[in-house]
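Enquirer: Please find one structure pasted underneath; my questions will follow.
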Number of protein chains: 2
Amino acid sequence: AGRCLRYGALGDDVMARLRWMGEVLAPALRAALRARGEGVDLRAITAQALQMGDECHSRNTAASALLLRELAAELAGGAEAREVLRFLAGNHYWYLNFSMAAAKLATSAAHGVPHSTLVTAFARNGVEVGIRVSGLGEEWFTAPATQVRGLYFAGYGPEDANPDIGDSAITETYGLGGFSLAAAPAITGFVGGTVDSALRTSREMARIALARHEAYRLPALGGVGAPVGIDLRAVLDTGIAPVITTGISHREPGIGQIGAGLTHAPLECFRKALAALPLEGMPGPPEAPEEEPTGQGAPAPERIGPDGGPGSGGG
Amino acid sequence: AGRCLRYGALGDDVMARLRWMGEVLAPALRAALRARGEGVDLRAITAQALQMGDECHSRNTAASALLLRELAAELAGGAEAREVLRFLAGNHYWYLNFSMAAAKLATSAAHGVPHSTLVTAFARNGVEVGIRVSGLGEEWFTAPATQVRGLYFAGYGPEDANPDIGDSAITETYGLGGFSLAAAPAITGFVGGTVDSALRTSREMARIALARHEAYRLPALGGVGAPVGIDLRAVLDTGIAPVITTGISHREPGIGQIGAGLTHAPLECFRKALAALPLEGMPGPPEAPEEEPTGQGAPAPERIGPDGGPGSGGG
């Protein structure tokens with residue numbers, strides 16, 4: 001769908017696209033939402049997309065098509081309807097914007113709980129990466145940015161790559177992306193790895209997560225909930241670093257994305273955060289998350305309303 | 001999306017829907033296709049949908065959304081655009097119509113090859129089921145229709161069910177449906193079974209298939225091609241009956257679908273066809289289909305153009 005203002009991409013094409021988004025796309029979406037009369041249930045779209053091969057960070061193909069489907073009838077009334085629908089139909093990453101915003105809202109709601117060791121934010125600026133923790137206020141606990149292991153677009157290689165950059169790792173903080181890698185076997189053709197390694201990654205991430213998401217289910221693991229809520233203590237107890245599926249940015253400005261792959265949040269961030277924790281009044285260790293079903297367990301029904309499905313243990 | 005004229009559903013609602021399809025939906029689709037100026041690449045949509053949890057017989061959620069996405073811009077120009085787009089957005093089975101038609105065209109192209117034991121059609125009328133074989137002309141080789149094992153909609157049970165009915169098993173004849181069950185782990189919540197049994201089914205079907213499809217890939221099996229082309233001799237050599245994912249129809253007229261599940265093509269059809277085969281001039285046994293990759297193999301790229309991806313053995 002052409003270059004957007006992302007990962008340092010810059011040029012006349014990027015600026016023209018940005019202006020078009022402000023002048024045509026945004027008003028069209030605003031009008032469609034108003035004509036619709038109710039909001040879009042992003043939680044339901046994410047839940048469905050996890051049944052359709054997305055992990056809603058580095059693969060958003062299904063979610064983008066589902067969101068377009070939700071809005072198509074109302075968008076059809078607008079003056080630039082064809083142009084807008086054609087743009088959205090060609091943009092398989094469109095939903096990432098919504099996935100990130102929803103993740104940020106959800107994890108922000110969990111911020112500020114006294115003594116909580118839940119990680120509520122994770123972001124990278126290409127030089128440093130940092131986490132915030134629910135019980136530790138506004139402070140960022142940082143470490144140098146990591147290299148991303150992955151697959152490069154034609155003509156680029158590791159020597160062109162900037163260290164890990166971007167705020168999209170908020171999706172992992174919310175149980176998506178690398179935590180839900182088992183939902184997206186096809187992504188291994190884009191970020192590297194195998195189907196087995198994708199399943200293994202989601203299983204490993206469950207060991208550092210506080211709970212399973214009650215609506216976001218992983219079909220390839222028998223419909224168990226996505227591991228959600230990174231627990232600082234579990235990361236340090238196990239030595240398992242949170243996995244991130246991410247794009248790779250060129251190290252020079254103006255070029256933009258040159259590949260995609262996997263990386264980890266450095267343990268150093270977590271060590272620094274632990275050292276900052278007040279020890280007085282700490283509660284006991286968290287409940288163990290739900291196990292994957294064995295035998296006859298079928299996945300939960302695909303369509304999960306705003307009230308969510310049945311609870312799935314954990315806290 | 002309300003009842004359609006399918007599985008014996010009948011009533012004022014069904015007739016009103018049918019008339020609306022003829023008077024509003026069909027002209028809108030025709031106009032959109034003409035405005036588009038080129039056809040829709042159904043092969044590319046099916047290939048993508050297999051990466052997105054569909055097997056394109058009893059689950060068409062992704063493919064229906066992808067097809068709507070392809071046509072949304074052109075549909076937006078029409079007089080009844082909102083009504084049409086709203087209907088299509090609510091119909092997760094829409095693509096089945098196209099999946100069946102494409103399968104019928106593909107298998108018809110393989111019909112009439114002298115001595116070929118490839119099954120080119122499979123259909124059920126609720127009383128009998130029958131197959132046609134490439135080298136055996138227009139004859140149907142029949143057996144009594146089977147019962148479908150599956151899950152029922154609320155208020156219905158096996159005592160309400162008609163034996164296996166419908167022409168949609170043409171999708172299995174083309175490597176989709178039960179043959180691609182490994183692509184659709186979430187379908188087990190609809191037709192029964194587990195993720196493991198879905199993977200096992202696709203592996204078993206490979207034993208009775210002549211080849212792997214070069215564009216239709218199964219991500220959960222490491223991106224191996226869908227088993228395509230039922231070989232009459234392989235069915236009888238192994239005793240493995242082709243699996244079908246299908247809806248369950250009420251046995252009384254007027255009601256329609258009451259569930260969904262799995263059934264098998266009866267071996268009797270294949271025995272009768274074998275007996276009709278002319279023995280003179282028969283070639284040797286077919287080449288073994290490609291094995292699933294082990295280790296580092298990643299799935300093929302998702303987007304496969306009309307020329308298809310690399311060949312995958314068999315054939």
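Each chain in the structure tokens gets a letter, A, B, ..., in the order shown, and its residues are numbered from 1; ligands are numbered from 1 in order too.
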Please check the contacts: residues of chain A at most 8 Å away from chain B, using only C-alpha atoms, listed as an MDAnalysis selection string.
Expert: chainID A and resid 51:54 62 65:66 68:70 72:77 81:86 89 185:186 188:190 192:195 219:223 295:302
Enquirer: In range 214-272 of chain B, what's alpha helix (DSSP H) per DSSP? Answer as a PDB file with C-alpha atoms, in the first residue's frame?
Expert:
```pdb
ATOM      1  CA  LEU B 232      -9.571 -44.463  -6.226  1.00  0.00           C
ATOM      2  CA  ARG B 233      -6.832 -47.088  -5.978  1.00  0.00           C
ATOM      3  CA  ALA B 234      -5.179 -45.450  -2.949  1.00  0.00           C
ATOM      4  CA  VAL B 235      -8.543 -45.360  -1.157  1.00  0.00           C
ATOM      5  CA  LEU B 236      -9.017 -49.090  -1.706  1.00  0.00           C
ATOM      6  CA  ASP B 237      -5.368 -49.994  -1.047  1.00  0.00           C
ATOM      7  CA  THR B 238      -5.375 -48.212   2.322  1.00  0.00           C
ATOM      8  CA  LEU B 267     -15.886 -47.326   0.395  1.00  0.00           C
ATOM      9  CA  GLU B 268     -18.669 -49.042  -1.555  1.00  0.00           C
ATOM     10  CA  CYS B 269     -18.630 -46.231  -4.159  1.00  0.00           C
ATOM     11  CA  PHE B 270     -14.949 -46.847  -4.744  1.00  0.00           C
ATOM     12  CA  ARG B 271     -15.320 -50.633  -4.952  1.00  0.00           C
ATOM     13  CA  LYS B 272     -18.005 -50.269  -7.620  1.00  0.00           C
TER      14      LYS B 272
END
```
Enquirer: Report the distance between CA of Leu29 in chain A and CA of Asp41 in chain A in Å, rounded to one decimal place.
Expert: 15.2 Å
Enquirer: If you run DSSP on this backbone, which residues of range 224-275 of chain B come out as strand (DSSP E or B), and could you give them as number ranges by chain?
Expert: B: 224-231, 243-250, 254, 257-264
Enquirer: Excluding Tyr152 in chain A and its own-chain neighbours fewer than 2 positions away, which residues fall within 9 Å of it when counting only C-alpha atoms? Please give them as a PyMOL selection string.
Expert: chain A and resi 150+154-158+190-191+248+258-261
Enquirer: If we count only C-alpha atoms, what is near Glu252 in chain A at a cut-off of 8 Å, once residues fewer than 2 positions away on the same chain are taken out, given as a VMD selection string?
Expert: chain A and resid 160 162 250 254 to 255
Enquirer: Would you output that residue set with C-alpha atoms, as a short mmCIF file (atom, residue, chain, number, x, y, z; two decimals), in the first residue's frame?
Expert:
```
data_model
loop_
_atom_site.label_atom_id
_atom_site.label_comp_id
_atom_site.auth_asym_id
_atom_site.auth_seq_id
_atom_site.Cartn_x
_atom_site.Cartn_y
_atom_site.Cartn_z
CA ASP A 160 21.66 -2.20 7.53
CA ASN A 162 18.90 -0.46 13.48
CA HIS A 250 16.99 0.73 8.50
CA GLY A 254 14.39 8.12 5.44
CA ILE A 255 14.31 4.48 4.37
#
```
Enquirer: So how many Å separate CA of Gly247 in chain A and CA of Gly166 in chain A, to one decimal?
Expert: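 Computing the Euclidean distance for CA of Gly247 in chain A and CA of Gly166 in chain A yields 8.7 Å.
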Enquirer: Expressed in Å to a single decimal, how great is the separation between CA of Met15 in chain A and CA of Pro253 in chain A?
Expert: 14.5 Å
Enquirer: Residues near Asp231 in chain B, anyone? I mean within 12 Å using only C-alpha atoms, not counting same-chain ones fewer than 2 positions away, as a ChimeraX atom specification.
Expert: /B:115-121,131-135,173-175,205-211,227-229,233-242,270,273-274,285-289,315
